[in-house]
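What follows is the content of work30.cif, which has mmCIF, C-alpha atoms:
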data_my_file
#
loop_
_atom_site.label_atom_id
_atom_site.label_comp_id
_atom_site.auth_asym_id
_atom_site.auth_seq_id
_atom_site.Cartn_x
_atom_site.Cartn_y
_atom_site.Cartn_z
CA MET A 13 144.30 131.95 99.51
CA LEU A 14 141.12 130.95 101.33
CA LEU A 15 138.24 131.52 98.95
CA LEU A 16 135.68 130.83 101.62
CA SER A 17 133.25 132.86 103.66
CA CYS A 18 130.77 131.74 106.31
CA HIS A 19 127.03 132.05 106.16
CA GLU A 20 125.73 133.85 109.19
CA ALA A 21 123.39 131.74 111.30
CA PHE A 22 120.79 132.74 113.84
CA ALA A 23 121.10 130.95 117.16
CA ARG A 24 117.73 130.02 118.49
CA ARG A 25 116.63 131.36 121.85
CA ALA A 26 116.21 129.14 124.83
CA ASN A 27 112.67 129.17 126.14
CA GLY A 28 113.43 127.60 129.51
CA SER A 29 114.23 129.37 132.74
CA PRO A 30 117.88 129.78 133.75
CA ARG A 31 119.23 127.33 136.27
CA GLN A 32 118.66 128.49 139.82
CA PRO A 33 121.39 128.36 142.48
CA GLY A 34 121.16 125.25 144.59
CA THR A 35 119.86 122.90 141.89
CA GLU A 36 121.62 119.63 141.29
CA ALA A 37 124.78 120.02 139.22
CA LEU A 38 123.88 117.07 136.97
CA GLN A 39 120.18 117.62 136.55
CA PHE A 40 119.51 116.54 132.96
CA SER A 41 117.13 119.21 131.84
CA GLN A 42 117.26 119.13 128.05
CA PRO A 43 113.74 118.60 126.71
CA PRO A 44 112.94 115.92 124.14
CA ASP A 45 111.62 118.57 121.72
CA MET A 46 114.92 120.50 121.78
CA ALA A 47 113.00 123.73 122.14
CA SER A 48 114.26 125.04 125.44
CA GLY A 49 117.34 125.39 127.60
CA GLY A 50 119.02 122.86 129.84
CA PHE A 51 122.31 121.54 131.13
CA PHE A 52 123.17 119.81 127.86
CA PHE A 53 121.72 122.50 125.63
CA SER A 54 123.50 125.34 123.90
CA GLY A 55 121.16 128.01 125.19
CA ARG A 56 124.09 129.93 126.66
CA ALA A 57 124.17 133.70 126.84
CA GLY A 58 126.94 133.86 124.25
CA LEU A 59 124.80 132.17 121.61
CA ASN A 60 121.46 133.68 122.51
CA ALA A 61 122.30 137.19 123.65
CA GLU A 62 120.02 139.97 122.52
CA VAL A 63 121.09 143.16 120.83
CA ALA A 64 119.38 146.46 120.23
CA GLY A 65 115.84 146.01 119.05
CA ASP A 66 115.36 142.70 120.91
CA ARG A 67 116.73 140.70 117.99
CA PRO A 68 118.83 137.53 118.32
CA ARG A 69 122.51 138.12 117.95
CA ARG A 70 123.84 136.84 114.65
CA MET A 71 126.61 134.27 115.05
CA LYS A 72 129.03 132.91 112.45
CA VAL A 73 129.15 129.19 111.71
CA ALA A 74 132.66 128.99 113.19
CA THR A 75 131.36 130.32 116.50
CA ILE A 76 128.35 128.02 116.51
CA SER A 77 130.54 124.98 115.83
CA VAL A 78 132.59 125.73 118.98
CA HIS A 79 129.72 126.51 121.34
CA ALA A 80 126.59 124.66 120.18
CA GLY A 81 125.72 121.66 122.30
CA THR A 82 127.93 122.71 125.22
CA PRO A 83 126.67 122.71 128.82
CA GLU A 84 125.25 125.81 130.46
CA GLY A 85 124.91 126.98 134.01
CA PRO A 86 126.95 128.94 136.57
CA ASN A 87 129.40 126.09 137.24
CA ALA A 88 128.96 123.94 134.15
CA PRO A 89 131.87 122.02 132.62
CA ILE A 90 133.34 123.43 129.41
CA THR A 91 132.95 120.14 127.53
CA THR A 92 129.79 118.07 127.36
CA PRO A 93 129.94 115.05 129.71
CA VAL A 94 129.45 111.57 128.30
CA VAL A 95 126.31 110.02 129.81
CA GLN A 96 127.16 106.39 129.13
CA SER A 97 124.18 104.94 130.99
CA THR A 98 121.68 102.97 128.94
CA THR A 99 118.83 103.62 131.37
CA PHE A 100 117.63 106.34 133.77
CA ARG A 101 115.92 106.31 137.16
CA PHE A 102 112.36 107.48 137.75
CA GLU A 103 111.23 108.72 141.14
CA SER A 104 107.65 107.47 140.74
CA ALA A 105 105.01 106.04 138.41
CA GLU A 106 103.72 109.58 138.00
CA ALA A 107 107.15 110.63 136.67
CA VAL A 108 106.97 107.90 134.03
CA GLN A 109 103.60 109.24 132.99
CA ARG A 110 105.08 112.72 132.71
CA TYR A 111 107.83 111.28 130.52
CA ALA A 112 105.22 109.60 128.30
CA ARG A 113 103.51 112.97 127.87
CA GLY A 114 106.78 114.42 126.63
CA GLU A 115 107.60 116.51 129.68
CA ARG A 116 110.95 118.19 129.50
CA GLY A 117 114.08 117.00 131.25
CA LEU A 118 113.21 113.30 131.46
CA TYR A 119 114.99 110.32 129.92
CA MET A 120 114.12 106.63 129.95
CA TYR A 121 116.38 104.56 127.69
CA SER A 122 119.32 105.62 125.55
CA ARG A 123 117.97 104.01 122.41
CA ASP A 124 115.23 106.65 122.55
CA GLU A 125 117.16 109.63 123.87
CA ASN A 126 120.38 110.36 125.70
CA PRO A 127 121.62 113.72 127.08
CA THR A 128 124.96 113.60 125.28
CA VAL A 129 123.36 112.56 122.00
CA ARG A 130 120.76 115.32 122.37
CA ALA A 131 123.53 117.85 122.84
CA ALA A 132 125.19 116.70 119.62
CA GLU A 133 121.85 116.84 117.82
CA GLU A 134 121.41 120.41 118.97
CA ALA A 135 124.87 121.30 117.70
CA VAL A 136 124.23 119.91 114.21
CA ALA A 137 120.80 121.57 114.12
CA ALA A 138 122.35 124.90 115.03
CA LEU A 139 125.01 124.57 112.33
CA GLU A 140 122.39 123.83 109.69
CA GLY A 141 119.90 126.41 110.95
CA ALA A 142 117.44 123.54 111.42
CA GLU A 143 114.44 123.28 113.70
CA SER A 144 115.45 119.79 114.78
CA CYS A 145 118.00 117.04 114.19
CA VAL A 146 118.23 113.32 114.85
CA LEU A 147 121.52 111.41 114.84
CA PHE A 148 122.21 107.80 113.85
CA GLY A 149 124.93 105.20 114.11
CA SER A 150 125.93 105.77 110.46
CA GLY A 151 125.07 107.82 107.42
CA MET A 152 123.29 104.88 105.83
CA GLY A 153 121.33 104.44 109.06
CA ALA A 154 120.17 108.04 108.67
CA MET A 155 119.24 107.62 105.01
CA THR A 156 117.45 104.32 105.62
CA ALA A 157 115.39 105.72 108.49
CA ALA A 158 114.49 108.85 106.52
CA LEU A 159 113.28 106.94 103.48
CA MET A 160 111.38 104.38 105.54
CA ALA A 161 109.74 107.15 107.58
CA LEU A 162 108.70 109.32 104.66
CA VAL A 163 107.92 106.90 101.81
CA SER A 164 105.46 103.99 101.76
CA GLY A 165 104.95 101.06 99.40
CA GLY A 166 103.40 102.16 96.13
CA GLU A 167 104.88 105.66 96.36
CA GLU A 168 107.59 107.07 94.15
CA VAL A 169 110.96 108.67 94.83
CA VAL A 170 112.52 110.95 92.24
CA ALA A 171 116.26 110.39 92.66
CA ALA A 172 119.34 111.66 90.87
CA THR A 173 121.37 109.10 88.96
CA ALA A 174 124.50 110.55 90.58
CA LEU A 175 124.11 109.24 94.13
CA TYR A 176 126.36 107.61 96.69
CA GLY A 177 126.41 103.92 95.82
CA GLY A 178 124.98 102.85 99.16
CA THR A 179 121.96 105.10 98.72
CA TYR A 180 121.36 103.93 95.16
CA LYS A 181 121.57 100.28 96.22
CA LEU A 182 119.18 100.96 99.11
CA LEU A 183 116.62 102.15 96.56
CA ARG A 184 117.43 99.47 93.97
CA ASP A 185 117.87 96.39 96.14
CA VAL A 186 115.98 96.98 99.40
CA LEU A 187 113.15 99.49 99.23
CA SER A 188 112.06 98.17 95.84
CA ARG A 189 111.15 94.90 97.61
CA PHE A 190 108.56 96.85 99.61
CA GLY A 191 106.96 98.52 96.62
CA VAL A 192 108.85 101.83 96.66
CA ARG A 193 109.43 102.98 93.09
CA ALA A 194 112.53 104.98 92.15
CA ARG A 195 112.46 107.27 89.11
CA MET A 196 116.12 107.91 88.35
CA VAL A 197 116.90 111.11 86.46
CA GLU A 198 120.05 112.98 85.56
CA PRO A 199 120.91 115.69 88.13
CA GLU A 200 120.15 118.45 85.62
CA GLY A 201 116.72 116.88 85.03
CA LEU A 202 115.54 116.97 88.65
CA VAL A 203 113.50 120.16 88.28
CA ASP A 204 111.58 118.83 85.27
CA ALA A 205 111.06 115.47 86.96
CA CYS A 206 109.62 117.14 90.07
CA ARG A 207 107.44 119.41 87.95
CA ARG A 208 105.73 116.39 86.41
CA GLY A 209 104.49 115.47 89.90
CA GLY A 210 103.51 112.09 91.26
CA ALA A 211 106.49 111.67 93.61
CA ARG A 212 106.40 111.55 97.38
CA LEU A 213 110.05 112.58 97.78
CA CYS A 214 112.90 114.06 95.76
CA LEU A 215 116.32 112.71 96.75
CA PHE A 216 119.56 114.22 95.49
CA GLU A 217 123.11 115.26 96.32
CA SER A 218 125.04 118.43 95.67
CA PRO A 219 127.90 118.23 94.96
CA THR A 220 127.33 114.71 93.66
CA ASN A 221 129.39 111.66 94.55
CA PRO A 222 131.87 111.20 92.88
CA THR A 223 131.42 113.51 89.88
CA LEU A 224 131.05 116.74 91.92
CA ARG A 225 128.23 118.10 89.77
CA VAL A 226 126.37 120.96 91.46
CA VAL A 227 122.57 120.96 91.50
CA ASP A 228 120.45 124.12 91.67
CA ILE A 229 119.21 123.41 95.18
CA GLU A 230 116.79 126.31 95.40
CA ALA A 231 115.12 125.41 92.09
CA VAL A 232 114.77 121.73 93.00
CA ALA A 233 113.39 122.52 96.47
CA ARG A 234 110.91 125.05 95.11
CA THR A 235 109.67 122.73 92.38
CA ALA A 236 109.41 119.75 94.72
CA ARG A 237 107.35 121.77 97.18
CA GLY A 238 105.08 123.00 94.41
CA SER A 239 104.37 119.42 93.37
CA GLY A 240 103.75 118.22 96.93
CA ALA A 241 107.03 116.31 97.28
CA ILE A 242 109.46 116.39 100.20
CA SER A 243 113.00 117.41 99.26
CA LEU A 244 115.90 115.54 100.89
CA ILE A 245 119.51 116.42 100.07
CA ASP A 246 122.63 114.50 100.98
CA SER A 247 125.01 117.39 101.68
CA THR A 248 127.90 115.29 103.00
CA PHE A 249 130.33 116.70 100.43
CA ALA A 250 129.37 120.27 101.35
CA PRO A 251 129.14 120.69 105.16
CA PRO A 252 127.47 123.76 106.73
CA LEU A 253 130.46 126.09 106.38
CA VAL A 254 130.35 125.46 102.63
CA GLN A 255 126.62 125.12 101.96
CA ARG A 256 123.33 125.68 103.79
CA PRO A 257 120.61 123.74 101.93
CA LEU A 258 117.83 124.55 104.41
CA ALA A 259 118.34 128.26 103.76
CA LEU A 260 117.78 127.47 100.07
CA GLY A 261 114.40 125.87 100.78
CA VAL A 262 115.16 122.16 101.19
CA ASP A 263 112.97 120.30 103.70
CA LEU A 264 115.61 117.93 105.06
CA VAL A 265 119.39 117.70 104.89
CA MET A 266 121.31 114.49 105.49
CA HIS A 267 124.97 114.13 106.43
CA SER A 268 127.26 111.25 106.89
CA ALA A 269 128.66 112.97 109.97
CA THR A 270 131.42 110.35 109.84
CA LYS A 271 133.01 112.69 107.32
CA PHE A 272 133.62 116.46 107.58
CA LEU A 273 131.49 117.07 110.69
CA ASN A 274 133.50 114.73 112.89
CA GLY A 275 136.61 115.18 110.77
CA HIS A 276 138.90 112.63 112.42
CA SER A 277 138.19 109.30 110.69
CA ASP A 278 137.39 107.67 114.02
CA HIS A 279 133.64 107.22 114.29
CA LEU A 280 130.49 106.44 112.30
CA CYS A 281 127.57 108.86 112.53
CA GLY A 282 124.65 110.03 110.41
CA ALA A 283 122.37 113.06 110.70
CA ILE A 284 118.97 114.19 109.45
CA ALA A 285 118.14 117.85 110.10
CA GLY A 286 115.42 120.20 108.99
CA ARG A 287 111.72 120.83 109.58
CA ARG A 288 110.66 119.70 113.03
CA ASP A 289 107.60 117.74 111.92
CA LEU A 290 109.57 115.73 109.37
CA VAL A 291 112.57 115.18 111.65
CA GLU A 292 110.36 113.95 114.48
CA THR A 293 108.65 111.55 112.07
CA VAL A 294 112.10 110.18 111.21
CA ARG A 295 113.00 110.04 114.92
CA GLY A 296 109.96 107.87 115.59
CA VAL A 297 111.07 105.35 112.98
CA ALA A 298 114.68 105.53 114.23
CA ARG A 299 113.58 104.41 117.68
CA LYS A 300 111.92 101.35 116.13
CA LEU A 301 114.86 100.51 113.90
CA GLY A 302 117.44 100.98 116.66
CA ALA A 303 120.08 102.56 114.39
CA VAL A 304 120.92 105.08 117.12
CA LEU A 305 124.10 106.87 118.12
CA ASP A 306 126.21 105.90 121.10
CA ALA A 307 126.87 108.60 123.70
CA GLN A 308 130.65 108.29 123.36
CA VAL A 309 130.41 108.84 119.61
CA ALA A 310 128.19 111.87 120.22
CA TYR A 311 130.94 113.27 122.44
CA ASP A 312 133.51 112.63 119.70
CA LEU A 313 131.30 114.48 117.23
CA LEU A 314 131.01 117.47 119.54
CA ARG A 315 134.77 117.48 120.01
CA GLY A 316 135.36 117.31 116.28
CA LEU A 317 132.98 120.20 115.63
CA LYS A 318 135.10 122.55 117.72
CA THR A 319 137.74 122.59 114.97
CA PHE A 320 135.22 122.23 112.14
CA ALA A 321 135.62 125.69 110.59
CA LEU A 322 139.43 125.64 110.67
CA ARG A 323 139.56 122.18 109.14
CA VAL A 324 137.09 122.85 106.35
CA GLU A 325 138.64 126.19 105.40
CA ARG A 326 142.05 124.51 105.05
CA GLN A 327 140.63 121.58 103.11
CA CYS A 328 138.80 123.86 100.67
CA ALA A 329 141.90 125.97 100.07
CA SER A 330 144.18 122.95 99.59
CA ALA A 331 141.66 121.17 97.35
CA LEU A 332 141.55 124.17 95.02
CA GLU A 333 145.35 124.25 94.83
CA VAL A 334 145.57 120.51 94.15
CA ALA A 335 142.76 120.66 91.55
CA ARG A 336 144.54 123.44 89.66
CA TRP A 337 147.74 121.39 89.60
CA LEU A 338 145.94 118.26 88.40
CA GLU A 339 144.27 120.25 85.63
CA SER A 340 147.71 121.34 84.40
CA ASN A 341 149.16 117.82 84.39
CA GLY A 342 149.19 116.10 81.01
CA ALA A 343 148.71 112.62 82.51
CA VAL A 344 145.30 113.64 83.87
CA LYS A 345 142.48 113.42 81.34
CA ARG A 346 139.84 115.35 83.27
CA VAL A 347 139.38 117.04 86.65
CA TRP A 348 136.03 117.57 88.39
CA TYR A 349 136.15 120.37 90.95
CA PRO A 350 133.51 123.12 91.24
CA GLY A 351 136.18 125.74 91.92
CA LEU A 352 137.69 125.38 88.47
CA PRO A 353 136.31 127.76 85.80
CA GLY A 354 136.07 124.82 83.40
CA HIS A 355 133.69 122.91 85.63
CA PRO A 356 130.21 122.85 84.01
CA ASP A 357 128.55 124.14 87.21
CA HIS A 358 131.23 126.63 88.26
CA GLU A 359 128.99 129.70 88.14
CA LEU A 360 126.19 127.95 90.02
CA ALA A 361 128.69 126.84 92.66
CA ARG A 362 129.91 130.43 93.04
CA ARG A 363 126.34 131.60 93.69
CA GLN A 364 125.18 128.73 95.86
CA MET A 365 128.22 127.75 97.91
CA ASN A 366 130.59 129.57 100.26
CA GLY A 367 133.57 127.57 99.04
CA PHE A 368 134.10 124.66 96.71
CA GLY A 369 134.65 121.82 99.18
CA GLY A 370 137.47 119.45 100.03
CA MET A 371 136.72 116.78 97.40
CA VAL A 372 138.52 116.51 94.05
CA THR A 373 137.77 113.88 91.41
CA PHE A 374 139.89 113.21 88.35
CA SER A 375 140.37 110.59 85.66
CA VAL A 376 143.59 109.19 84.28
CA GLY A 377 141.74 107.54 81.41
CA THR A 378 141.72 103.78 81.88
CA ARG A 379 141.29 101.19 84.60
CA GLU A 380 144.90 100.03 84.18
CA LYS A 381 146.31 103.54 84.53
CA ALA A 382 144.13 104.22 87.56
CA PHE A 383 145.30 101.04 89.29
CA ARG A 384 148.96 101.80 88.51
CA PHE A 385 148.67 105.39 89.75
CA TRP A 386 146.84 104.33 92.89
CA ASP A 387 149.34 101.62 93.79
CA ARG A 388 152.24 104.11 93.51
CA LEU A 389 150.89 106.59 96.07
CA LYS A 390 153.05 106.97 99.18
CA LEU A 391 151.70 109.86 101.29
CA VAL A 392 148.12 109.87 100.07
CA ALA A 393 146.23 106.96 101.62
CA ARG A 394 144.37 104.32 99.63
CA ALA A 395 141.15 104.12 101.62
CA ALA A 396 137.41 104.64 101.58
CA SER A 397 135.61 107.55 103.24
CA LEU A 398 136.44 111.25 103.30
CA GLY A 399 136.56 114.41 105.40
CA GLY A 400 139.32 113.42 107.81
CA PRO A 401 142.69 115.07 108.46
CA GLU A 402 144.43 112.57 106.17
CA THR A 403 144.16 112.84 102.40
CA LEU A 404 142.37 109.74 101.12
CA THR A 405 141.85 108.38 97.62
CA SER A 406 139.48 105.71 96.38
CA LEU A 407 138.63 104.25 92.99
CA PRO A 408 134.84 104.44 92.62
CA ILE A 409 134.63 101.23 90.59
CA LEU A 410 136.23 99.37 93.53
CA PHE A 411 134.55 101.27 96.38
CA SER A 412 131.36 103.35 96.31
CA HIS A 413 130.18 102.14 92.89
CA THR A 414 131.17 98.49 92.96
CA GLY A 415 128.35 96.25 91.77
CA TYR A 416 127.12 98.75 89.19
CA SER A 417 126.44 97.59 85.66
CA ALA A 418 128.18 99.35 82.78
CA GLU A 419 124.96 101.25 82.06
CA GLU A 420 124.56 102.25 85.71
CA LEU A 421 128.14 103.53 85.77
CA ARG A 422 127.49 105.52 82.61
CA ARG A 423 124.34 107.10 84.03
CA ALA A 424 126.19 107.94 87.25
CA GLY A 425 128.97 109.59 85.22
CA VAL A 426 131.64 107.21 86.51
CA ASP A 427 134.46 105.96 84.27
CA GLU A 428 136.95 103.22 85.04
CA GLY A 429 139.89 105.61 85.23
CA MET A 430 138.29 107.81 87.88
CA VAL A 431 139.96 108.63 91.20
CA ARG A 432 138.11 110.33 94.06
CA MET A 433 140.26 112.28 96.50
CA SER A 434 139.38 113.76 99.88
CA VAL A 435 141.96 116.44 100.57
CA GLY A 436 143.14 116.53 104.17
CA LEU A 437 145.20 118.87 106.29
CA GLU A 438 148.67 118.13 104.93
CA ASP A 439 150.66 120.83 103.16
CA PRO A 440 149.38 120.92 99.56
CA GLU A 441 152.95 120.99 98.22
CA ASP A 442 153.58 117.60 99.79
CA LEU A 443 150.35 116.23 98.37
CA ILE A 444 151.21 117.49 94.89
CA ALA A 445 154.68 115.95 95.13
CA ASP A 446 153.15 112.55 95.88
CA LEU A 447 150.59 112.87 93.09
CA ARG A 448 153.36 113.88 90.67
CA GLN A 449 155.55 110.86 91.37
CA ALA A 450 152.56 108.51 91.18
CA LEU A 451 151.53 109.89 87.80
CA GLU A 452 155.01 109.66 86.27
#

Translate this structure into structure tokens?
Amino acid sequence: MLLLSCHEAFARRANGSPRQPGTEALQFSQPPDMASGGFFFSGRAGLNAEVAGDRPRRMKVATISVHAGTPEGPNAPITTPVVQSTTFRFESAEAVQRYARGERGLYMYSRDENPTVRAAEEAVAALEGAESCVLFGSGMGAMTAALMALVSGGEEVVAATALYGGTYKLLRDVLSRFGVRARMVEPEGLVDACRRGGARLCLFESPTNPTLRVVDIEAVARTARGSGAISLIDSTFAPPLVQRPLALGVDLVMHSATKFLNGHSDHLCGAIAGRRDLVETVRGVARKLGAVLDAQVAYDLLRGLKTFALRVERQCASALEVARWLESNGAVKRVWYPGLPGHPDHELARRQMNGFGGMVTFSVGTREKAFRFWDRLKLVARAASLGGPETLTSLPILFSHTGYSAEELRRAGVDEGMVRMSVGLEDPEDLIADLRQALE
């Protein structure tokens, strides 16, 4: 049974004028500030229609995922075209000056902005209910740009000990060289750590990677704001159909869009969405770093989003079924899944999330047992990453958390017998059959 419901999301109105008959069919009219309508913008009547009382029509996340970022106009294509050009013509020096002033509908160089990429940014922003979004060539590109844009040398980041390994190593090995201090605290200690003040930014995940602990997002965001800190959540494990962090008060949400948003294991992409002023600050740094998204990948993301709701609903339902089976198996020592009543954050997950996600983590006890189980899998793939149509498993000590000391693993909640599984779109009975034979 699907134990999942969608948050309703308000589609933002387009402020621009509708396209007039006789205009050029490929006039790129999306503005850099993403605030008004255009050929590559989702300001279509279906998303922005008004109802009685002059209020925006409320759309479900599933509807937004299909229509956001699609072209508009009387004879527009159904799918967003790929604008593969790296550069764009200007009709005059005066036009370049208009571009420099931020005038709508102008593009210069695809490292800075591209119509197809802008359309994908609008789609992710609409899904998250964000004022703005900027996309990157990878999730780590997004996280790196965000931290470099928002934190300076001598400032402090409060960060949860349970973080994706790449993010933790970015703080530990890279940003520390430039004077950025990281105060690592247990996920349940984030509120108290923020309350003490002194931090520029609070960085956390929910659910956490790989232990699937659930953080009280609203409490952390409220406390961070009260202490003058920016809150940034990595919500990769809980995409918009499952969780809406911005609605709970977070300033910025990050996704490795490589995962559930694209959903096909065939591209790298990262996203930062949230308050316009903060996102545009990150965008400015992104242009200097060059970790931008290619137009073809932006198209792939838009295509993947059209089936987003169907995929995530199936993955959540199958993950719950698989987690229940694992919990009943005597060879499994522990299962982490927020949908199980025995999970320490189950009640918080029920209040805060619309489903429990497609990730399941479990431990078979020892490193040797984990290796033996993993090597015996036949249907379930042995691979990094998550969120695709194929069920994938990884061993954190060999993948996301390699290079951690024993103490760092302990603080992150990772044991050597741990297996992280991203449940795909296969029939759960087939997945369970493979898990059973591998555990025997």

Written as an mmCIF file with C-alpha atoms, in the frame of the given file, which residues does the PyMOL selection byres ((chain A and resi 267) around 6) give for the file shown?
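And here is the file that came out, out-v7.cif:
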data_model
loop_
_atom_site.group_PDB
_atom_site.id
_atom_site.type_symbol
_atom_site.label_atom_id
_atom_site.label_comp_id
_atom_site.auth_asym_id
_atom_site.auth_seq_id
_atom_site.Cartn_x
_atom_site.Cartn_y
_atom_site.Cartn_z
ATOM 1 C CA ASP A 246 122.630 114.500 100.980
ATOM 2 C CA SER A 247 125.010 117.390 101.680
ATOM 3 C CA THR A 248 127.900 115.290 103.000
ATOM 4 C CA MET A 266 121.310 114.490 105.490
ATOM 5 C CA SER A 268 127.260 111.250 106.890
ATOM 6 C CA ALA A 269 128.660 112.970 109.970
ATOM 7 C CA GLY A 282 124.650 110.030 110.410
ATOM 8 C CA ALA A 283 122.370 113.060 110.700
#

What separation in Å, quoted to one decimal, exists between atom CA of A:Val170 and atom CA of A:Leu264?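 According to the coordinates, atom CA of A:Val170 and atom CA of A:Leu264 are separated by 14.9 Å.
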
Could you produce a table of the residues of stretch 137-250 of chain A lying within 9 Å of stretch 72-84 of chain A, with the nearest pair of atoms per residue and their separation in Å rounded to one decimal, using all atoms listed in the file, ordered by chain and increasing residue number, as a tab-separated table?
residue	atom	partner	partner_atom	distance
A:Ala137	CA	A:Ala80	CA	8.9
A:Ala138	CA	A:Ala80	CA	6.7
A:Leu139	CA	A:Val73	CA	6.2
A:Glu140	CA	A:Val73	CA	8.9

Who sits within 7 Å of A:Cys328, all atoms listed in the file, same chain under 5 positions skipped, as a PyMOL selection string: chain A and resi 367-370

Dump C-alpha atoms for the selected residues as an mmCIF file, in the coordinates of the input?
data_model
loop_
_atom_site.group_PDB
_atom_site.id
_atom_site.type_symbol
_atom_site.label_atom_id
_atom_site.label_comp_id
_atom_site.auth_asym_id
_atom_site.auth_seq_id
_atom_site.Cartn_x
_atom_site.Cartn_y
_atom_site.Cartn_z
ATOM 1 C CA GLY A 367 133.570 127.570 99.040
ATOM 2 C CA PHE A 368 134.100 124.660 96.710
ATOM 3 C CA GLY A 369 134.650 121.820 99.180
ATOM 4 C CA GLY A 370 137.470 119.450 100.030
#

For stretch 438-441 of chain A, take all atoms listed in the file, fit an axis-aligned box around them, add 8 Å to each of the six sides, then output centre and edge lengths in Å rounded to one decimal, as lines of an AutoDock Vina configuration file.
center_x = 150.8
center_y = 119.6
center_z = 101.6
size_x = 20.3
size_y = 18.9
size_z = 22.7

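Taking only C-alpha atoms into account, A:Asn341 lies nearest to A:Leu451 out of the set A:Leu398, A:Val309, A:Leu451, A:Leu410.
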
Just how far from atom CA of A:Ser122 is atom CA of A:Thr293, in Å to one decimal?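 According to the coordinates, atom CA of A:Thr293 and atom CA of A:Ser122 are separated by 18.2 Å.
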
Looking at A:His276, A:Lys181, A:Arg326, A:Lys381, which one is nearest to A:Val254, with distances taken over all atoms listed in the file? A:Arg326

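Residue nearest A:Val186, chosen from A:Val291, A:Gly165, A:Lys345, A:Ala172 and counting all atoms listed in the file: A:Gly165.
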
Please write as an MDAnalysis selection string the full residue list that the PyMOL selection byres ((chain A and resi 233-236) around 6) yields on this file. chainID A and resid 206:207 230:232 237:239 241 243 261:262

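In terms of minimum interatomic distance to A:Arg70, A:Gly141 ranks closest within A:Val297, A:Gly351, A:Asp442, A:Gly141, counting all atoms listed in the file.
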
The PyMOL selection byres ((chain A and resi 379) around 10) on the file shown: which residues, as JSON, numbers by chain? {"A": [375, 376, 377, 378, 380, 381, 382, 383, 384, 385, 407, 409, 427, 428, 429, 430]}

Tell me, as a ChimeraX atom specification, which residues lie within 7 Å of A:Leu404, counting all atoms listed in the file; anything in the same chain fewer than 5 positions away does not count. /A:392-395,398,433-435

Looking at all atoms listed in the file, which of A:Ala194, A:Ala158, A:Leu443, A:Ala250 is the one that sits closest to A:Arg225?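 Closest candidate: A:Ala250.
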
Atom CA of A:Tyr311 to atom CA of A:Cys145: how many Å, to one decimal?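 It comes out at 15.8 Å.
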
Tell me which protein, DNA and RNA residues are within 12 Å of A:Lys300, counting all atoms listed in the file, leaving out same-chain ones fewer than 5 positions away, and put them as a PyMOL selection string. chain A and resi 123-124+157+160-161+293-295
